[in-house]
Number of protein chains: 2
Amino acid sequence: MWIILVYDVGEKRVAKVLKYLRGYLNWIQNSVFEGELTYAELQKVKTGLKRLIREEEDSVIIFSSNISSDYKKEIIGLNKAEETKII
Amino acid sequence: MWIILVYDVGEKRVAKVLKYLRGYLNWIQNSVFEGELTYAELQKVKTGLKRLIREEEDSVIIFSSNISSDYKKEIIGLNKAEETKII
């Protein structure tokens, strides 16, 4: 499945969430990850996130689709993922 | 077209970008918008954003698809868009 995941979590939990998600998806911008996961992997990521975040304060939105070929991605300005790789 | 737009822009430009995008898309989380736009509207939004942001510092990523029915959206934790409506 093709995934876009965006999060908005309290400052204290940002580093942990970022590190956790880097194990499964590609970081593409501040608080935004993208990638391919199997259904089982997605369930695992969701369970892991529920342990890391405070559901009464934080928010994670996961967009998923079985058809990754139909979407288009355009970047205006910097490609922050590329920048990070260069650094 | 179905659109997800995420931005990471300098602090000085956040308020302007937010206000501009609210005219076209639905705010769903910190720096994340979602919605339906025609191709012509999307071109207009892109042109408008290029005027508002500094392309050498800021980043806007636009995911678009012609098939909106195939994606699924899940929220873990707060639905910040709903919260804002309640407030």
# chains A, B, ... in the order shown; residues from 1 in each chain; ligands from 1
>>> residues_around(residues="Thr38 of chain B", least_positions_apart="4", cutoff="10 Å", atoms="only C-alpha atoms", output="MDAnalysis selection string")
chainID B and resid 1:3 42:44 66
>>> interface_residues(of="chain B", to="chain A", cutoff="12 Å", atoms="only C-alpha atoms", output="ChimeraX atom specification")
/B:1-10,28-34,42-43,45-83
>>> select_by_dssp(residues="chain B", states="alpha helix (DSSP H)", output="NGL selection string")
:B and (11-22 or 39-52 or 80-86)
>>> write_last_selection(atoms="N, CA, C and O atoms", output="short mmCIF file (atom, residue, chain, number, x, y, z; two decimals), in the first residue's frame")
data_model
loop_
_atom_site.label_atom_id
_atom_site.label_comp_id
_atom_site.auth_asym_id
_atom_site.auth_seq_id
_atom_site.Cartn_x
_atom_site.Cartn_y
_atom_site.Cartn_z
N GLU B 11 8.68 31.15 9.08
CA GLU B 11 7.70 31.67 10.04
C GLU B 11 6.98 32.95 9.55
O GLU B 11 5.78 33.10 9.71
N LYS B 12 7.74 33.81 8.90
CA LYS B 12 7.18 35.09 8.43
C LYS B 12 6.11 34.89 7.37
O LYS B 12 5.29 35.77 7.14
N ARG B 13 6.16 33.75 6.67
CA ARG B 13 5.23 33.54 5.56
C ARG B 13 4.09 32.57 5.89
O ARG B 13 3.17 32.39 5.10
N VAL B 14 4.14 31.97 7.08
CA VAL B 14 3.14 30.95 7.45
C VAL B 14 1.71 31.50 7.40
O VAL B 14 0.83 30.90 6.78
N ALA B 15 1.48 32.65 8.02
CA ALA B 15 0.11 33.18 8.11
C ALA B 15 -0.47 33.47 6.72
O ALA B 15 -1.62 33.15 6.44
N LYS B 16 0.36 34.04 5.85
CA LYS B 16 -0.10 34.36 4.48
C LYS B 16 -0.44 33.09 3.69
O LYS B 16 -1.43 33.04 2.99
N VAL B 17 0.44 32.10 3.81
CA VAL B 17 0.24 30.85 3.06
C VAL B 17 -1.03 30.14 3.57
O VAL B 17 -1.85 29.66 2.79
N LEU B 18 -1.18 30.12 4.89
CA LEU B 18 -2.35 29.50 5.51
C LEU B 18 -3.64 30.17 5.02
O LEU B 18 -4.59 29.50 4.59
N LYS B 19 -3.65 31.47 5.06
CA LYS B 19 -4.84 32.22 4.64
C LYS B 19 -5.15 31.98 3.15
O LYS B 19 -6.29 31.76 2.77
N TYR B 20 -4.10 32.01 2.35
CA TYR B 20 -4.27 31.80 0.92
C TYR B 20 -4.87 30.41 0.63
O TYR B 20 -5.85 30.28 -0.11
N LEU B 21 -4.29 29.38 1.26
CA LEU B 21 -4.74 28.01 0.98
C LEU B 21 -6.16 27.75 1.50
O LEU B 21 -6.90 26.96 0.91
N ARG B 22 -6.53 28.41 2.58
CA ARG B 22 -7.89 28.26 3.11
C ARG B 22 -8.95 28.67 2.08
O ARG B 22 -10.11 28.28 2.18
N TYR B 39 -8.17 21.03 -12.41
CA TYR B 39 -6.79 21.20 -12.88
C TYR B 39 -6.46 22.69 -12.96
O TYR B 39 -5.39 23.12 -12.53
N ALA B 40 -7.39 23.47 -13.45
CA ALA B 40 -7.16 24.92 -13.59
C ALA B 40 -6.98 25.59 -12.22
O ALA B 40 -6.11 26.44 -12.04
N GLU B 41 -7.80 25.16 -11.26
CA GLU B 41 -7.65 25.71 -9.90
C GLU B 41 -6.29 25.36 -9.31
O GLU B 41 -5.65 26.18 -8.66
N LEU B 42 -5.85 24.13 -9.54
CA LEU B 42 -4.55 23.71 -9.02
C LEU B 42 -3.43 24.56 -9.61
O LEU B 42 -2.51 24.97 -8.90
N GLN B 43 -3.51 24.84 -10.90
CA GLN B 43 -2.50 25.69 -11.53
C GLN B 43 -2.49 27.08 -10.89
O GLN B 43 -1.44 27.66 -10.64
N LYS B 44 -3.70 27.57 -10.59
CA LYS B 44 -3.82 28.90 -9.98
C LYS B 44 -3.19 28.89 -8.59
O LYS B 44 -2.47 29.82 -8.21
N VAL B 45 -3.48 27.85 -7.82
CA VAL B 45 -2.93 27.72 -6.46
C VAL B 45 -1.40 27.68 -6.53
O VAL B 45 -0.72 28.35 -5.75
N LYS B 46 -0.86 26.93 -7.47
CA LYS B 46 0.59 26.81 -7.60
C LYS B 46 1.23 28.17 -7.94
O LYS B 46 2.24 28.55 -7.36
N THR B 47 0.59 28.89 -8.84
CA THR B 47 1.10 30.21 -9.21
C THR B 47 1.05 31.15 -8.00
O THR B 47 2.01 31.87 -7.72
N GLY B 48 -0.06 31.10 -7.28
CA GLY B 48 -0.22 31.94 -6.08
C GLY B 48 0.82 31.62 -5.02
O GLY B 48 1.42 32.53 -4.42
N LEU B 49 1.07 30.34 -4.82
CA LEU B 49 2.06 29.93 -3.81
C LEU B 49 3.46 30.39 -4.20
O LEU B 49 4.22 30.84 -3.35
N LYS B 50 3.76 30.30 -5.48
CA LYS B 50 5.09 30.73 -5.92
C LYS B 50 5.33 32.21 -5.64
O LYS B 50 6.46 32.63 -5.42
N ARG B 51 4.26 32.98 -5.62
CA ARG B 51 4.39 34.39 -5.31
C ARG B 51 4.59 34.60 -3.80
O ARG B 51 5.25 35.53 -3.38
N LEU B 52 3.96 33.73 -2.99
CA LEU B 52 3.99 33.92 -1.52
C LEU B 52 5.23 33.34 -0.85
O LEU B 52 5.67 33.85 0.17
N LYS B 80 -7.82 17.33 14.36
CA LYS B 80 -7.61 18.76 14.62
C LYS B 80 -8.57 19.65 13.81
O LYS B 80 -8.94 20.72 14.26
N ALA B 81 -8.95 19.18 12.66
CA ALA B 81 -9.89 19.97 11.84
C ALA B 81 -11.24 20.07 12.55
O ALA B 81 -11.84 21.13 12.63
N GLU B 82 -11.69 18.95 13.12
CA GLU B 82 -12.97 18.94 13.84
C GLU B 82 -12.88 19.82 15.09
O GLU B 82 -13.78 20.57 15.39
N GLU B 83 -11.77 19.71 15.81
CA GLU B 83 -11.54 20.51 17.01
C GLU B 83 -11.68 21.99 16.72
O GLU B 83 -12.29 22.73 17.47
N THR B 84 -11.08 22.41 15.62
CA THR B 84 -11.10 23.81 15.26
C THR B 84 -12.52 24.26 14.98
O THR B 84 -12.93 25.34 15.37
N LYS B 85 -13.29 23.38 14.34
CA LYS B 85 -14.68 23.72 14.04
C LYS B 85 -15.48 23.91 15.34
O LYS B 85 -16.28 24.81 15.44
N ILE B 86 -15.23 23.02 16.32
CA ILE B 86 -15.95 23.09 17.58
C ILE B 86 -15.63 24.39 18.31
O ILE B 86 -16.52 25.09 18.77
#
>>> select_by_dssp(residues="chain B", states="strand (DSSP E or B)", output="PyMOL selection string")
chain B and resi 2-8+26-29+32-36+59-65+71-77
>>> write_last_selection(atoms="N, CA and C atoms", output="PDB file, in the first residue's frame")
ATOM      1  N   TRP B   2      -8.213  15.179  -6.619  1.00  0.00           N
ATOM      2  CA  TRP B   2      -8.097  15.120  -5.169  1.00  0.00           C
ATOM      3  C   TRP B   2      -6.669  15.514  -4.784  1.00  0.00           C
ATOM      4  N   ILE B   3      -6.560  16.412  -3.810  1.00  0.00           N
ATOM      5  CA  ILE B   3      -5.271  17.019  -3.475  1.00  0.00           C
ATOM      6  C   ILE B   3      -4.938  16.863  -1.990  1.00  0.00           C
ATOM      7  N   ILE B   4      -3.689  16.529  -1.717  1.00  0.00           N
ATOM      8  CA  ILE B   4      -3.144  16.716  -0.365  1.00  0.00           C
ATOM      9  C   ILE B   4      -1.968  17.664  -0.542  1.00  0.00           C
ATOM     10  N   LEU B   5      -1.959  18.713   0.237  1.00  0.00           N
ATOM     11  CA  LEU B   5      -0.877  19.694   0.129  1.00  0.00           C
ATOM     12  C   LEU B   5      -0.238  19.873   1.499  1.00  0.00           C
ATOM     13  N   VAL B   6       1.075  19.724   1.559  1.00  0.00           N
ATOM     14  CA  VAL B   6       1.810  19.939   2.816  1.00  0.00           C
ATOM     15  C   VAL B   6       2.854  21.027   2.588  1.00  0.00           C
ATOM     16  N   TYR B   7       3.009  21.902   3.560  1.00  0.00           N
ATOM     17  CA  TYR B   7       3.998  22.962   3.360  1.00  0.00           C
ATOM     18  C   TYR B   7       4.895  23.114   4.572  1.00  0.00           C
ATOM     19  N   ASP B   8       6.085  23.618   4.313  1.00  0.00           N
ATOM     20  CA  ASP B   8       7.066  23.915   5.349  1.00  0.00           C
ATOM     21  C   ASP B   8       7.702  25.231   4.915  1.00  0.00           C
ATOM     22  N   ASN B  26      -9.232  22.446   2.308  1.00  0.00           N
ATOM     23  CA  ASN B  26      -9.616  22.286   3.710  1.00  0.00           C
ATOM     24  C   ASN B  26      -8.383  22.029   4.574  1.00  0.00           C
ATOM     25  N   TRP B  27      -8.250  22.795   5.614  1.00  0.00           N
ATOM     26  CA  TRP B  27      -7.139  22.601   6.548  1.00  0.00           C
ATOM     27  C   TRP B  27      -7.457  21.362   7.373  1.00  0.00           C
ATOM     28  N   ILE B  28      -6.518  20.415   7.442  1.00  0.00           N
ATOM     29  CA  ILE B  28      -6.807  19.213   8.224  1.00  0.00           C
ATOM     30  C   ILE B  28      -5.838  18.984   9.373  1.00  0.00           C
ATOM     31  N   GLN B  29      -4.679  19.604   9.301  1.00  0.00           N
ATOM     32  CA  GLN B  29      -3.711  19.489  10.395  1.00  0.00           C
ATOM     33  C   GLN B  29      -2.676  20.582  10.170  1.00  0.00           C
ATOM     34  N   VAL B  32      -1.090  21.057   6.780  1.00  0.00           N
ATOM     35  CA  VAL B  32      -1.624  20.063   5.841  1.00  0.00           C
ATOM     36  C   VAL B  32      -3.027  20.470   5.374  1.00  0.00           C
ATOM     37  N   PHE B  33      -3.215  20.493   4.069  1.00  0.00           N
ATOM     38  CA  PHE B  33      -4.529  20.772   3.481  1.00  0.00           C
ATOM     39  C   PHE B  33      -4.950  19.619   2.596  1.00  0.00           C
ATOM     40  N   GLU B  34      -6.257  19.508   2.440  1.00  0.00           N
ATOM     41  CA  GLU B  34      -6.815  18.447   1.606  1.00  0.00           C
ATOM     42  C   GLU B  34      -8.007  19.016   0.857  1.00  0.00           C
ATOM     43  N   GLY B  35      -8.300  18.481  -0.300  1.00  0.00           N
ATOM     44  CA  GLY B  35      -9.507  18.937  -0.973  1.00  0.00           C
ATOM     45  C   GLY B  35      -9.571  18.548  -2.425  1.00  0.00           C
ATOM     46  N   GLU B  36     -10.625  19.008  -3.062  1.00  0.00           N
ATOM     47  CA  GLU B  36     -10.830  18.765  -4.489  1.00  0.00           C
ATOM     48  C   GLU B  36     -10.611  20.076  -5.244  1.00  0.00           C
ATOM     49  N   SER B  59       9.266  24.977   1.212  1.00  0.00           N
ATOM     50  CA  SER B  59       8.926  23.763   0.475  1.00  0.00           C
ATOM     51  C   SER B  59       7.422  23.495   0.541  1.00  0.00           C
ATOM     52  N   VAL B  60       6.843  23.221  -0.603  1.00  0.00           N
ATOM     53  CA  VAL B  60       5.433  22.828  -0.675  1.00  0.00           C
ATOM     54  C   VAL B  60       5.372  21.537  -1.487  1.00  0.00           C
ATOM     55  N   ILE B  61       4.728  20.524  -0.945  1.00  0.00           N
ATOM     56  CA  ILE B  61       4.565  19.276  -1.698  1.00  0.00           C
ATOM     57  C   ILE B  61       3.078  19.088  -1.979  1.00  0.00           C
ATOM     58  N   ILE B  62       2.762  18.838  -3.237  1.00  0.00           N
ATOM     59  CA  ILE B  62       1.365  18.639  -3.634  1.00  0.00           C
ATOM     60  C   ILE B  62       1.212  17.226  -4.199  1.00  0.00           C
ATOM     61  N   PHE B  63       0.383  16.426  -3.556  1.00  0.00           N
ATOM     62  CA  PHE B  63       0.022  15.110  -4.067  1.00  0.00           C
ATOM     63  C   PHE B  63      -1.320  15.279  -4.744  1.00  0.00           C
ATOM     64  N   SER B  64      -1.447  14.777  -5.947  1.00  0.00           N
ATOM     65  CA  SER B  64      -2.744  14.884  -6.616  1.00  0.00           C
ATOM     66  C   SER B  64      -3.087  13.564  -7.289  1.00  0.00           C
ATOM     67  N   SER B  65      -4.367  13.320  -7.379  1.00  0.00           N
ATOM     68  CA  SER B  65      -4.837  12.103  -8.027  1.00  0.00           C
ATOM     69  C   SER B  65      -6.192  12.364  -8.659  1.00  0.00           C
ATOM     70  N   TYR B  71      -8.578   6.173  -2.014  1.00  0.00           N
ATOM     71  CA  TYR B  71      -7.713   6.381  -0.878  1.00  0.00           C
ATOM     72  C   TYR B  71      -8.529   6.362   0.408  1.00  0.00           C
ATOM     73  N   LYS B  72      -7.849   6.024   1.447  1.00  0.00           N
ATOM     74  CA  LYS B  72      -8.474   5.887   2.758  1.00  0.00           C
ATOM     75  C   LYS B  72      -7.756   6.851   3.692  1.00  0.00           C
ATOM     76  N   LYS B  73      -8.490   7.490   4.573  1.00  0.00           N
ATOM     77  CA  LYS B  73      -7.868   8.395   5.539  1.00  0.00           C
ATOM     78  C   LYS B  73      -8.200   7.920   6.937  1.00  0.00           C
ATOM     79  N   GLU B  74      -7.174   7.731   7.732  1.00  0.00           N
ATOM     80  CA  GLU B  74      -7.370   7.318   9.121  1.00  0.00           C
ATOM     81  C   GLU B  74      -6.711   8.332  10.024  1.00  0.00           C
ATOM     82  N   ILE B  75      -7.329   8.601  11.156  1.00  0.00           N
ATOM     83  CA  ILE B  75      -6.745   9.536  12.119  1.00  0.00           C
ATOM     84  C   ILE B  75      -6.502   8.808  13.430  1.00  0.00           C
ATOM     85  N   ILE B  76      -5.270   8.915  13.928  1.00  0.00           N
ATOM     86  CA  ILE B  76      -4.961   8.386  15.261  1.00  0.00           C
ATOM     87  C   ILE B  76      -4.823   9.611  16.160  1.00  0.00           C
ATOM     88  N   GLY B  77      -5.513   9.599  17.285  1.00  0.00           N
ATOM     89  CA  GLY B  77      -5.469  10.754  18.178  1.00  0.00           C
ATOM     90  C   GLY B  77      -6.509  11.771  17.763  1.00  0.00           C
TER      91      GLY B  77
END
